[in-house]
Each structure stands twice: as C-alpha cells, then as structure tokens.
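S.K.: One structure coming up, written as structure tokens, with questions to follow.
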Amino acid sequence: MKLDLPTAMEGMEASICGDKLGSLIFEVAKNFFAFLGMVIACNGLHFILKPFAQPRITSDIIVGLIVGNIGIIRRLFEKFNNTFGFIIDFGMMCYMFTLGIEMNPQVIFERPNRHTKVAIAGVICTFLLAGIVCPILQYFPSEHRLIDFTISLSTMLASTDSPVLTRLITQLKIGKSDIGKLVIASGMHSDFLCCLILSIGYIVTPLPLFCHNLDRNMDFKKNIKMGCVVLAQVVFTRLVSPVLLNWVNNENPDGRPMKGPHLVLSIAFMVLMCASSTLYDYSPILSAFLVGICLPREGRVSRWVITRINYMLTTIFFPIFFLWMGCEANLWHFEASHFVTWVRLSILLVVATAGKVAGTVVAGAMLGIHWPESVAIGMLLLIKGHLHIYLAIKVIGCGAATLSTGIVMVIATFVTVMPAPNVVAHIIRRAKKRAPTHRLALQLLDPTSELRILLCVHGPQNVPASINLVEITKGATDSSILVYVTDMIELTDDISATLEKDEGVHSAIVKNKEVMDIRDQVTSTFQAYMEEEENGDDITLKRTMTLSTINNMPQDLCVLAEDLMIALIILPFHRSQRKDGTLDDGNPGFRYVNRKVLRSAPCSVGILVDRGIGSVEKISRCQVAVEVAVIFIGGKDDREALAYASRVAQHPGVKLTVIRFLVDSSVESSKLVGYHVILPEQENEMRLDDECFAQFYERNVIGGRISYQEKHLADAAETFSTLRSFEGQYSLVIVGREGGVNSILTRGMNDWQQCPELGPIGDVLSGPDFSISVSVLIIQQPRLKGEIDGLDEDFSII
C-alpha cells in the first residue's frame, strides 16, 4: 500500500489546527464563565450590602480581591495576561474620556465660587501634607525619581473620584440638597484639577517610560516635542470639535434616528484625536481625558457617547477590571505580618483625611459653613475610585513600588469609600435637628397676640396689592400686626460688583442705582400708607432686603422668617397681570423660590395672585369696600385658610363669605359605592375639619358678621363649574393650597394643573379661563419635616 505523504501531512496539520482551535475555544469559554461568575458574585454581594448603603465599588473590590486570588483564576489570568492588559487599558481610556466630557474646563478662567474654593482648599492642603509625610516612610524603594513619584502620589491622595462620589450621593438621596450639590460640584472640580496636574506632569516626567530602569536619564528634547504635540492636539480639538459636533447635532435633531455616516464620522474624529499624541509616547489614558474636556458637553452626540460608554463600563468593563485588580494584587505575597505595612496604610489614610478635612474646614470658615458640615464635606471628598486602583496596580507592574505597597494603596481606596454612608447619615441627622419642629401655624396663635408677617415684594408693582392685603389682615381696631416688608432682589454679577462691605463681612451696602430706586419707591409707598391717621397705631412696619442668588434666596427667606419669629410669609405670584387682564409668563426664578419656600418654610405661607385687589384705591373702615370669600373643602391647609379668614372678617371694610364644599351624599351612595374608600388618616382629618369649622361657625357665623353658604357637589366637574360661577362676585378668594387633596371633589384636577404650587383650587381660580378681576390668596400650613422619618431630597443645612 503506497502512502501519499503530502496528504498525510495536510491531515496532520488539520488535526493540529483543530486541536488548537478547540483548545482556544475551551480557554475562551473558561474566561467567559469566569467573567459571568464575577458578575454574579459582584451583584450578589452588592445586594447583601444594600442595607448598609454601601456603593457598588465596595462589593466589587471585595469580590475582585477574593476571586482574583483563586488558583485556577490566577493561572487563567497568567495565560491571557496580555489580553487582560489590553482590555484594561482600553477600558480606562473610555473611562477617562467620558470623565473629561463631563468636566467643564472653563472653571479655570471663571471667578471662584463656593464649590471651587472648597475643592482647591482640599487639594492644596492634602497635596502639601502628603508631600511632606510620604517620603519619610519610603513608599518607593528606589531613591531615583523619588520626588516625581511622591508628587504623583500626593496628587492622587488629593484627588476625588467624582463618578463614584456622584453615584453615592444620588443613591443616598441627598443630591438635591444644598450640601449634596456642593459635594458633587467640589468633587468634580477636585477630580478635574488633579487629572489636569497628572496630564501636565506626564509631559515633564513620563514615569512609565522609566519603569524597571529608574536610572535612565530624561530626554528633554523628546519631552518638549511631546508637550508641543499635546498642546496642538488640545488646541485643534477645542477649535474643530464644536464646529463638527454642532453640525452633526443640527443634522440629527432629537426624536429622529441618528444617521450612521454622521455617527461614524464623529466617533472617528474622537478616536483620531485621542490617538494622535500617543504616537509620541504620551499616555493614551491622559490623552483621552484631554480630548474629552475639549469636546462640547452639550448636544446629542456627546450624550450618546456618554450613555453608551457608561453602559459598556458598568456591564462589561468593571467586572473584568476588578478581576484584573485581584489577579495583579497577589494577597499570598502581601506582607501582612510586617508592622511597617500597616503603618504605611494608616499614614496614607491619615494624611488624605487630615488634608481634605483641614482644607474644607478652612474654606467652610471663609464661606460661613458650619464646621460639622465642613468636616462631613471633607470626608466625602476623600473618596477614591477606579483611577486610583488602576494607578496603584500599574505602580506594582512598573517596579517602582513593592507588591505590599501597591496592595496598601488598593486597600486605602476601599477604606475611603466605606465610611461615606455613615457620613451622609450624620448629615441627615443634623438636618433633622435643624429642621423646624415648632408650630407657627395661624390656627395655634392667640387671636389677641401680635401677628408677625413677612411681606415679600419683587418691586413697586406688588406694593398696592400688598398694602391692601395688610389692611384687611389687621382685622379689628384693637388687634396689631408687625409687618416686615422685604425686597426680593436677585444677586447678579452687576449688583455684586457694587456691593460695599460694612463693618466686617456680615453686612454690605448696595450701591446699584436700579436696586436703590426700587427700594426707595417701595419704601415711600408704604410710608405714605403708614402716615394715614388710622393706620399708625395698629401696624408696625419694618423694612428688610433679601439679596441672594435664586438658588440661595429660599433658604435666606426661611432663615429670616425663623429669626424674626414670623407666623405668615406672603409671597407674590411669579406672574403679573397685564393691562388686558391676562397674566404674563412671569419669572421662572421667582417661581422656583416660591416652590422651595413652600417646602421649607418654618411657618405658614401665602401666595398672592393679584388680579385686581391692588387696584382698590382705599379700603375704608367705615363701609364695605371688598367682597372676600374663603373656600373650605377640608384638610390642614383649608383649616389654616379659615384661621386667616377669621382675622380678615374682623375688618369693617370687608364682607366675608364662607363657602363650604360638601360631597353630595345621595350621588356618592348611588354612583360611588365601592370606589370611594375612606382611609383612617382621612377619617381623622375629616373629624378635625368638622371640629374646626364648628368652632369657626359658632364664633363668627352665628353672630351675623359672616355669610355662610354650602355647596353639595358630586365630583370635580361640578367643583369647577361652581368656581366659575364666582366670576364678578368677589375681589379676593382665600383657599388652602392642598384643600381637599384627598377628596373626590378635586380628584382629577391635578391632571391639567399649570401651577401645582397653587394647589388644585388655587390653580383653577388663577388660570387663564377664570375671571381677570378675582385675586386669589393661597395659604399653606407649615410642613414639619423634623417630625417625619426622613427629609425631602432638597433639604437645606449649610
């Protein structure tokens, strides 16, 4: 039998290739199952730690260190070491790229604000302290490049991992509070500054090029060339990217599918920019960060890139990243028995903590932040994350530090994250203690005592209505009220430039001519009212001013009300009436102020919608000049409105009508059986409503001073038609903000509300379909946040 040698050789080669392919598929399958197990383990431990409010990175680090040190996983890692390294480097490029897009490089050239000052103070203090202490413990065994490595370590200790911090603050639901916003912004700015320092420092001393050869001399010409290339990359990206991406955004408006060629062109441009400087040995990770900060943050393309990359990082990259971390950080070689190892870990934590806390306390003292909150901010800005772990592992691979030192850095990252939930819990506890717990509701005030009112005005246009409201509020001749008239002035850059400090830092004089003219007009009008013979004895008038940014104005008003022991805050509606009787679009900033004050005020709040009450020339005490109605459906706000109306009813120039809306029992029994279920809380509210109204009826209605009407209605449609019948009958209608919020008489009204802050009834009465001559006063009783289990997400504490 003759053997065909070429055919046999081909058969052997095919068999060998088949065996290799099968072996490769088997190894890939093992990697896939290792990845799948890593994902399941991370999610499982995160679910277990959820009651402790620990962020995701905590469980990821624990699982990575455990799984990465399992023998079979380590052998698998060693076989695919180069592939792992490529995946990790590519993933970190994407991570730094999205981090750069979310940064705002313009803050370097802007006037420092609160979060910028906090971030800079924390970075400087930590950097200096680390630069002094770290060389003493010799974290790096070689004397060569000691200064360079120390500066790099100091920079990383001074930085904050802003993505981890932002997710943590959002998860713990304090992101909308003032301290949450400050922490997020400060963390972002701190991260930006430190990454920028690393990016510039890499040009001066590209440390990875000296790995395993620290005695190597620097090539200054190469460094200069690298710096020029990076500068050209930054300038070109900054100039070209807005033009290109804005064109792509305009060609692909929201709501339409993104065109493939435009998307490919955008991604190709980003990849080309990121890769350009790497040709001259510049770090691809830092190059991606610099390109990211040069791209426009707004626009559909940027949003698309951030969303897709973050999804890829969360679902695919981070499990692989922490598995790589565990494999590189070989715990079997960790010198846990050495005392110096734990000293180094402790010193790293002490230096980072002391630096951040000291810096934020100093900045907080200058900004007027209470020191407990400053300490809490410093502890939150201490958080480290993925970039710090990546650099710690790279230091091990570079040979610049021992394995134990690198693992110490990883553990230090883990320890900085763990206390964060307890710090946030401390912030919430302090916010609860400072939340208003005392009642300043009108219902509980002694009718013979002085009524304190904080009357807010935007300008002279609000004064006539405010004066008439003050006039009817003072009620009987023997009652007195103390009115603080405060101008709500938005602090702009122009006004800020005219401020002059007066006797230290606690007060300032406004020299802006426009503001001075507005205040003079308001003051002169109120003085003319006070000089009338019959007003001087009953009303005490004082002037104040709230000069703040829109974001800070609600807090300033609430603090002012608490300091002055105010019982009622009167806010003007953010929309004003035009000459044709309709309301303009108004100022959205003042609408934000009204809504925030409603949520945080320590006393009752009223919003006055002026649609004619200001045009009443003079409310006489000799004859009826104003027809006023108060609507009562039920609830604590309606009871508060009734308490206010009892004061108004005492004024001789006011004719008050109380209109109570009741559910038509016959209709309810026939049509709503099985639909309208009364809860125990509602039943208690109904009992309080009946008691309150009975007392009011006995004191005021029986004597004949107040008219009383009952309206038996079936549903919200009849409520709406009844409100429409008020047109032309009354000059002012007083309602509770959440009147009948659980009643079938208002159910469904929220579906078409234009201004939810006015409540269902107030929104209807002030809407464009209602009479243009009926003013509305919406009253809300204070919300006692200090008595509930949690706080609103937008609470104020600093």
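Residues in the structure tokens are numbered from 1 in each chain, the chains being A, B, ... in the order shown, and ligands are numbered from 1 in the order shown.
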Quick one: everything within 10 Å of region 109-119 of chain A, counting only C-alpha atoms, minus sequence neighbours fewer than 4 positions away in the same chain. Send it as a CSV table (one decimal) with N, CA and C atoms, in the first residue's frame.
M.R.:
chain,number,residue,atom,x,y,z
A,105,PRO,N,-13.9,72.8,31.6
A,105,PRO,CA,-12.6,73.4,31.7
A,105,PRO,C,-12.7,74.9,31.9
A,123,VAL,N,-7.6,70.2,48.0
A,123,VAL,CA,-6.5,69.7,47.1
A,123,VAL,C,-5.1,70.3,47.6
A,124,ILE,N,-5.1,71.5,47.9
A,124,ILE,CA,-3.8,72.1,48.3
A,124,ILE,C,-3.3,71.6,49.7
A,158,ALA,N,-4.8,63.7,46.9
A,158,ALA,CA,-5.5,65.0,46.9
A,158,ALA,C,-6.8,64.9,46.0
A,159,SER,N,-6.8,64.0,45.1
A,159,SER,CA,-8.0,64.0,44.2
A,159,SER,C,-9.2,63.3,44.8
A,160,THR,N,-10.3,63.4,44.1
A,160,THR,CA,-11.6,62.7,44.4
A,160,THR,C,-12.1,62.0,43.2
A,181,LYS,N,-25.3,69.1,46.5
A,181,LYS,CA,-24.9,69.8,45.3
A,181,LYS,C,-23.5,70.3,45.5
A,182,LEU,N,-23.2,70.9,46.6
A,182,LEU,CA,-21.8,71.4,46.9
A,182,LEU,C,-20.8,70.3,46.8
A,183,VAL,N,-21.1,69.1,47.4
A,183,VAL,CA,-20.1,68.0,47.4
A,183,VAL,C,-19.9,67.5,46.0
A,184,ILE,N,-21.0,67.3,45.2
A,184,ILE,CA,-20.8,66.8,43.9
A,184,ILE,C,-20.0,67.8,43.0
A,185,ALA,N,-20.3,69.1,43.1
A,185,ALA,CA,-19.6,70.1,42.3
A,185,ALA,C,-18.1,70.2,42.8
A,186,SER,N,-17.9,70.1,44.1
A,186,SER,CA,-16.5,70.2,44.6
A,186,SER,C,-15.7,68.9,44.2
A,187,GLY,N,-16.3,67.8,44.3
A,187,GLY,CA,-15.7,66.5,43.9
A,187,GLY,C,-15.3,66.6,42.4
A,188,MET,N,-16.2,67.1,41.6
A,188,MET,CA,-15.9,67.2,40.1
A,188,MET,C,-14.7,68.1,39.9
A,189,HIS,N,-14.7,69.2,40.6
A,189,HIS,CA,-13.6,70.2,40.4
A,189,HIS,C,-12.3,69.7,40.9
A,190,SER,N,-12.3,69.0,42.0
A,190,SER,CA,-11.1,68.4,42.6
A,190,SER,C,-10.6,67.3,41.6
A,191,ASP,N,-11.5,66.5,41.1
A,191,ASP,CA,-11.0,65.4,40.1
A,191,ASP,C,-10.4,66.1,38.9
A,192,PHE,N,-11.1,67.1,38.4
A,192,PHE,CA,-10.6,67.8,37.2
A,192,PHE,C,-9.2,68.4,37.4
A,193,LEU,N,-9.0,69.1,38.6
A,193,LEU,CA,-7.7,69.7,38.9
A,193,LEU,C,-6.6,68.7,38.9
A,356,LYS,N,-7.9,66.7,53.5
A,356,LYS,CA,-9.2,67.1,53.0
A,356,LYS,C,-10.0,67.8,54.0
A,359,GLY,N,-8.6,71.3,54.8
A,359,GLY,CA,-8.9,72.2,53.7
A,359,GLY,C,-10.3,72.7,53.6
A,360,THR,N,-11.3,71.7,53.8
A,360,THR,CA,-12.7,72.1,53.7
A,360,THR,C,-13.1,72.9,55.0
A,361,VAL,N,-12.5,72.6,56.1
A,361,VAL,CA,-12.9,73.4,57.3
A,361,VAL,C,-12.4,74.9,57.1
A,362,VAL,N,-11.2,75.1,56.6
A,362,VAL,CA,-10.7,76.4,56.3
A,362,VAL,C,-11.6,77.1,55.3
A,363,ALA,N,-11.9,76.4,54.2
A,363,ALA,CA,-12.8,77.0,53.2
A,363,ALA,C,-14.2,77.3,53.8
A,364,GLY,N,-14.7,76.3,54.6
A,364,GLY,CA,-16.0,76.5,55.2
A,364,GLY,C,-16.1,77.7,56.1
A,366,MET,N,-14.4,80.4,55.8
A,366,MET,CA,-14.5,81.6,55.0
A,366,MET,C,-15.9,81.8,54.3
A,367,LEU,N,-16.5,80.7,54.0
A,367,LEU,CA,-17.8,80.7,53.3
A,367,LEU,C,-19.0,80.7,54.3
A,374,SER,N,-18.6,71.1,57.3
A,374,SER,CA,-17.3,71.2,56.6
A,374,SER,C,-16.6,69.9,56.8
A,377,ILE,N,-18.2,67.3,54.5
A,377,ILE,CA,-17.8,67.5,53.1
A,377,ILE,C,-16.4,67.0,52.9
A,378,GLY,N,-15.5,67.2,53.8
A,378,GLY,CA,-14.1,66.8,53.6
A,378,GLY,C,-14.0,65.2,53.6
A,381,LEU,N,-15.3,64.1,50.2
A,381,LEU,CA,-14.3,64.4,49.1
A,381,LEU,C,-13.1,63.5,49.2
S.K.: Could you build a table of the residues in region 142-249 of chain A lying no more than 10 Å from region 342-348 of chain A, giving for each the nearest pair of atoms and their separation in Å rounded to one decimal place, using only C-alpha atoms, ordered by chain and ascending residue number, as a tab-separated table?
M.R.:
residue	atom	partner	partner_atom	distance
A:Leu153	CA	A:Leu348	CA	9.8
A:Ser154	CA	A:Leu348	CA	9.8
A:Leu157	CA	A:Leu348	CA	7.9
S.K.: Write down as a list in words the residues belonging to region 282-503 of chain A that are assigned strand (DSSP E or B) by DSSP computed on the backbone.
M.R.: Leu451, Arg452, Ile453, Leu454, Leu455, Cys456, Val457, Ile481, Leu482, Val483, Tyr484, Val485, Thr486, Asp487, Met488, Ile489, Glu490, Leu499, Glu500 and Lys501 of chain A
S.K.: Using only C-alpha atoms, which residues sit within 12 Å of Arg297 (chain A) once same-chain residues fewer than 6 positions away are excluded, as a PyMOL selection string?
M.R.: chain A and resi 97-106+238+241-242+245-246+291+303-306
S.K.: Could you save the residues just selected, with N, CA, C and O atoms, as a compact mmCIF listing (two decimals), in the first residue's frame?
M.R.:
# COMPACT_ATOMS: atom_id res chain seq x y z
N PHE A 97 -12.17 59.26 29.07
CA PHE A 97 -12.77 60.07 28.01
C PHE A 97 -14.13 60.62 28.44
O PHE A 97 -14.41 61.82 28.30
N THR A 98 -14.97 59.75 29.00
CA THR A 98 -16.28 60.22 29.47
C THR A 98 -16.13 61.16 30.67
O THR A 98 -16.90 62.11 30.81
N LEU A 99 -15.14 60.88 31.51
CA LEU A 99 -14.89 61.78 32.63
C LEU A 99 -14.54 63.17 32.13
O LEU A 99 -15.00 64.18 32.67
N GLY A 100 -13.71 63.23 31.09
CA GLY A 100 -13.33 64.53 30.53
C GLY A 100 -14.50 65.27 29.91
O GLY A 100 -14.62 66.49 30.06
N ILE A 101 -15.40 64.54 29.20
CA ILE A 101 -16.56 65.20 28.59
C ILE A 101 -17.43 65.86 29.64
O ILE A 101 -17.99 66.94 29.43
N GLU A 102 -17.58 65.22 30.79
CA GLU A 102 -18.46 65.74 31.84
C GLU A 102 -17.82 66.89 32.62
O GLU A 102 -18.49 67.51 33.46
N MET A 103 -16.53 67.16 32.39
CA MET A 103 -15.85 68.25 33.08
C MET A 103 -16.10 69.57 32.34
O MET A 103 -16.36 69.60 31.14
N ASN A 104 -15.95 70.67 33.07
CA ASN A 104 -16.09 72.00 32.49
C ASN A 104 -14.76 72.74 32.65
O ASN A 104 -14.46 73.28 33.71
N PRO A 105 -13.93 72.77 31.60
CA PRO A 105 -12.62 73.41 31.72
C PRO A 105 -12.69 74.92 31.91
O PRO A 105 -11.70 75.55 32.30
N GLN A 106 -13.86 75.52 31.66
CA GLN A 106 -13.98 76.97 31.78
C GLN A 106 -13.86 77.46 33.22
O GLN A 106 -13.64 78.64 33.46
N ARG A 238 -10.17 71.62 20.50
CA ARG A 238 -11.02 72.67 21.05
C ARG A 238 -11.61 73.55 19.96
O ARG A 238 -12.75 74.03 20.09
N SER A 241 -13.79 70.60 17.19
CA SER A 241 -14.88 69.76 17.69
C SER A 241 -16.23 70.49 17.81
O SER A 241 -17.26 69.90 17.46
N PRO A 242 -16.27 71.75 18.29
CA PRO A 242 -17.59 72.41 18.34
C PRO A 242 -18.23 72.56 16.97
O PRO A 242 -19.44 72.39 16.82
N LEU A 245 -19.24 68.77 15.76
CA LEU A 245 -20.32 68.14 16.53
C LEU A 245 -21.60 68.97 16.49
O LEU A 245 -22.70 68.40 16.52
N ASN A 246 -21.50 70.28 16.44
CA ASN A 246 -22.71 71.10 16.31
C ASN A 246 -23.39 70.85 14.96
O ASN A 246 -24.63 70.83 14.89
N VAL A 291 -8.75 65.10 25.46
CA VAL A 291 -9.68 65.24 24.34
C VAL A 291 -11.11 65.41 24.87
O VAL A 291 -11.89 66.21 24.36
N ARG A 303 -24.10 63.30 24.46
CA ARG A 303 -24.98 62.49 25.32
C ARG A 303 -24.97 61.03 24.90
O ARG A 303 -24.96 60.13 25.75
N TRP A 304 -24.97 60.80 23.59
CA TRP A 304 -24.97 59.42 23.09
C TRP A 304 -23.69 58.71 23.50
O TRP A 304 -23.72 57.56 23.95
N VAL A 305 -22.55 59.38 23.34
CA VAL A 305 -21.27 58.77 23.68
C VAL A 305 -21.20 58.46 25.18
O VAL A 305 -20.80 57.36 25.59
N ILE A 306 -21.60 59.42 26.01
CA ILE A 306 -21.55 59.21 27.46
C ILE A 306 -22.45 58.04 27.87
O ILE A 306 -22.05 57.17 28.67
S.K.: I'd like the neighbourhood of Tyr95 (chain A) as a compact mmCIF listing (two decimals) with C-alpha atoms, in the first residue's frame, where a residue qualifies if any of its atoms comes within 10 Å (using only C-alpha atoms), though same-chain residues fewer than 2 positions away should be ignored.
M.R.:
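Dumped to result13.txt:
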# COMPACT_ATOMS: atom_id res chain seq x y z
CA ASP A 89 -6.05 49.99 29.14
CA PHE A 90 -8.80 50.39 26.55
CA GLY A 91 -11.49 50.48 29.23
CA MET A 92 -9.64 53.11 31.24
CA MET A 93 -9.29 55.21 28.09
CA PHE A 97 -12.77 60.07 28.01
CA THR A 98 -16.28 60.22 29.47
CA LEU A 99 -14.89 61.78 32.63
CA GLY A 100 -13.33 64.53 30.53
CA PRO A 163 -18.14 59.42 39.35
CA ILE A 285 -5.42 57.40 29.02
CA ALA A 288 -8.37 60.58 26.11
CA PHE A 289 -9.05 62.77 29.16
CA ILE A 306 -21.55 59.21 27.46
CA ILE A 309 -19.69 54.18 27.15
CA ASN A 310 -21.07 54.28 30.70
CA MET A 312 -20.36 49.39 28.49
CA LEU A 313 -18.20 50.24 31.50
CA PHE A 317 -15.59 46.53 31.84
CA HIS A 386 -11.23 53.23 39.72
CA LEU A 387 -8.43 55.50 38.52
S.K.: Would you list the contacts of region 267-279 of chain A as a PyMOL selection string, taking every protein, DNA or RNA residue within 7 Å and counting only C-alpha atoms, but skipping same-chain residues closer than 4 positions in sequence?
M.R.: chain A and resi 229-230+233+237+263+283-284+287-288+291
S.K.: Since we have the selection now, will you write its residues out, keeping all heavy atoms, as a PDB file, in the first residue's frame?
M.R.:
ATOM      1  N   VAL A 229       3.160  68.434  20.853  1.00  0.00           N
ATOM      2  CA  VAL A 229       2.123  67.612  20.218  1.00  0.00           C
ATOM      3  C   VAL A 229       0.838  67.633  21.042  1.00  0.00           C
ATOM      4  O   VAL A 229      -0.268  67.760  20.499  1.00  0.00           O
ATOM      5  CB  VAL A 229       2.639  66.167  20.036  1.00  0.00           C
ATOM      6  CG1 VAL A 229       1.500  65.262  19.561  1.00  0.00           C
ATOM      7  CG2 VAL A 229       3.776  66.132  19.041  1.00  0.00           C
ATOM      8  N   VAL A 230       0.956  67.510  22.363  1.00  0.00           N
ATOM      9  CA  VAL A 230      -0.228  67.530  23.232  1.00  0.00           C
ATOM     10  C   VAL A 230      -0.931  68.879  23.133  1.00  0.00           C
ATOM     11  O   VAL A 230      -2.164  68.955  23.057  1.00  0.00           O
ATOM     12  CB  VAL A 230       0.171  67.230  24.682  1.00  0.00           C
ATOM     13  CG1 VAL A 230      -1.009  67.451  25.619  1.00  0.00           C
ATOM     14  CG2 VAL A 230       0.679  65.810  24.809  1.00  0.00           C
ATOM     15  N   GLN A 233      -2.743  69.031  19.919  1.00  0.00           N
ATOM     16  CA  GLN A 233      -3.929  68.185  19.999  1.00  0.00           C
ATOM     17  C   GLN A 233      -5.069  68.888  20.714  1.00  0.00           C
ATOM     18  O   GLN A 233      -6.219  68.880  20.253  1.00  0.00           O
ATOM     19  CB  GLN A 233      -3.569  66.893  20.726  1.00  0.00           C
ATOM     20  CG  GLN A 233      -4.753  65.984  21.019  1.00  0.00           C
ATOM     21  CD  GLN A 233      -4.430  64.954  22.091  1.00  0.00           C
ATOM     22  OE1 GLN A 233      -3.683  65.235  23.019  1.00  0.00           O
ATOM     23  NE2 GLN A 233      -4.978  63.761  21.971  1.00  0.00           N
ATOM     24  N   THR A 237      -8.467  70.165  18.820  1.00  0.00           N
ATOM     25  CA  THR A 237      -9.741  69.578  19.258  1.00  0.00           C
ATOM     26  C   THR A 237     -10.697  70.647  19.751  1.00  0.00           C
ATOM     27  O   THR A 237     -11.900  70.615  19.466  1.00  0.00           O
ATOM     28  CB  THR A 237      -9.498  68.551  20.373  1.00  0.00           C
ATOM     29  OG1 THR A 237      -8.535  67.594  19.940  1.00  0.00           O
ATOM     30  CG2 THR A 237     -10.786  67.838  20.739  1.00  0.00           C
ATOM     31  N   LEU A 263     -22.628  59.532  12.671  1.00  0.00           N
ATOM     32  CA  LEU A 263     -22.150  58.907  13.903  1.00  0.00           C
ATOM     33  C   LEU A 263     -20.747  58.350  13.720  1.00  0.00           C
ATOM     34  O   LEU A 263     -19.873  58.527  14.590  1.00  0.00           O
ATOM     35  CB  LEU A 263     -23.112  57.802  14.317  1.00  0.00           C
ATOM     36  CG  LEU A 263     -22.871  57.151  15.682  1.00  0.00           C
ATOM     37  CD1 LEU A 263     -22.934  58.190  16.789  1.00  0.00           C
ATOM     38  CD2 LEU A 263     -23.876  56.044  15.929  1.00  0.00           C
ATOM     39  N   SER A 283       0.699  59.263  27.272  1.00  0.00           N
ATOM     40  CA  SER A 283      -0.233  58.275  27.816  1.00  0.00           C
ATOM     41  C   SER A 283      -1.567  58.320  27.071  1.00  0.00           C
ATOM     42  O   SER A 283      -2.195  59.376  26.972  1.00  0.00           O
ATOM     43  CB  SER A 283      -0.472  58.553  29.307  1.00  0.00           C
ATOM     44  OG  SER A 283      -1.542  57.767  29.779  1.00  0.00           O
ATOM     45  N   PRO A 284      -2.030  57.184  26.543  1.00  0.00           N
ATOM     46  CA  PRO A 284      -3.332  57.186  25.848  1.00  0.00           C
ATOM     47  C   PRO A 284      -4.493  57.502  26.789  1.00  0.00           C
ATOM     48  O   PRO A 284      -5.499  58.061  26.370  1.00  0.00           O
ATOM     49  CB  PRO A 284      -3.427  55.760  25.283  1.00  0.00           C
ATOM     50  CG  PRO A 284      -2.512  54.943  26.126  1.00  0.00           C
ATOM     51  CD  PRO A 284      -1.401  55.856  26.534  1.00  0.00           C
ATOM     52  N   SER A 287      -4.387  61.206  27.330  1.00  0.00           N
ATOM     53  CA  SER A 287      -4.755  61.815  26.049  1.00  0.00           C
ATOM     54  C   SER A 287      -6.268  61.797  25.857  1.00  0.00           C
ATOM     55  O   SER A 287      -6.871  62.785  25.422  1.00  0.00           O
ATOM     56  CB  SER A 287      -4.064  61.067  24.907  1.00  0.00           C
ATOM     57  OG  SER A 287      -4.454  61.585  23.657  1.00  0.00           O
ATOM     58  N   ALA A 288      -6.907  60.665  26.213  1.00  0.00           N
ATOM     59  CA  ALA A 288      -8.369  60.582  26.112  1.00  0.00           C
ATOM     60  C   ALA A 288      -9.039  61.588  27.032  1.00  0.00           C
ATOM     61  O   ALA A 288     -10.063  62.192  26.681  1.00  0.00           O
ATOM     62  CB  ALA A 288      -8.829  59.160  26.442  1.00  0.00           C
ATOM     63  N   VAL A 291      -8.750  65.098  25.459  1.00  0.00           N
ATOM     64  CA  VAL A 291      -9.683  65.242  24.340  1.00  0.00           C
ATOM     65  C   VAL A 291     -11.109  65.410  24.865  1.00  0.00           C
ATOM     66  O   VAL A 291     -11.889  66.214  24.358  1.00  0.00           O
ATOM     67  CB  VAL A 291      -9.576  64.026  23.398  1.00  0.00           C
ATOM     68  CG1 VAL A 291     -10.705  64.044  22.364  1.00  0.00           C
ATOM     69  CG2 VAL A 291      -8.233  64.016  22.696  1.00  0.00           C
TER      70      VAL A 291
END
S.K.: Using only C-alpha atoms for the distances, tell me which of A:Leu557, A:Ile744, A:Val701, A:Leu244 is nearest to Asp715 (chain A).
M.R.: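 So, comparing all the options, the nearest one is A:Ile744.
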S.K.: Any idea what's packed within 12 Å of region 523-530 of chain A, counting only C-alpha atoms, ignoring anything in its chain fewer than 2 positions away? Could you give it as a PyMOL selection string?
M.R.: chain A and resi 455+457+459-468+470-471+483-487+516-521+532-545+617-619
S.K.: Identify, on the basis of only C-alpha atoms, every residue whose closest approach to region 587-593 of chain A does not exceed 7 Å; exclude the query and any residue fewer than 5 positions from it along the same chain; express the result as a ChimeraX atom specification.
M.R.: /A:550,553-554,574-575
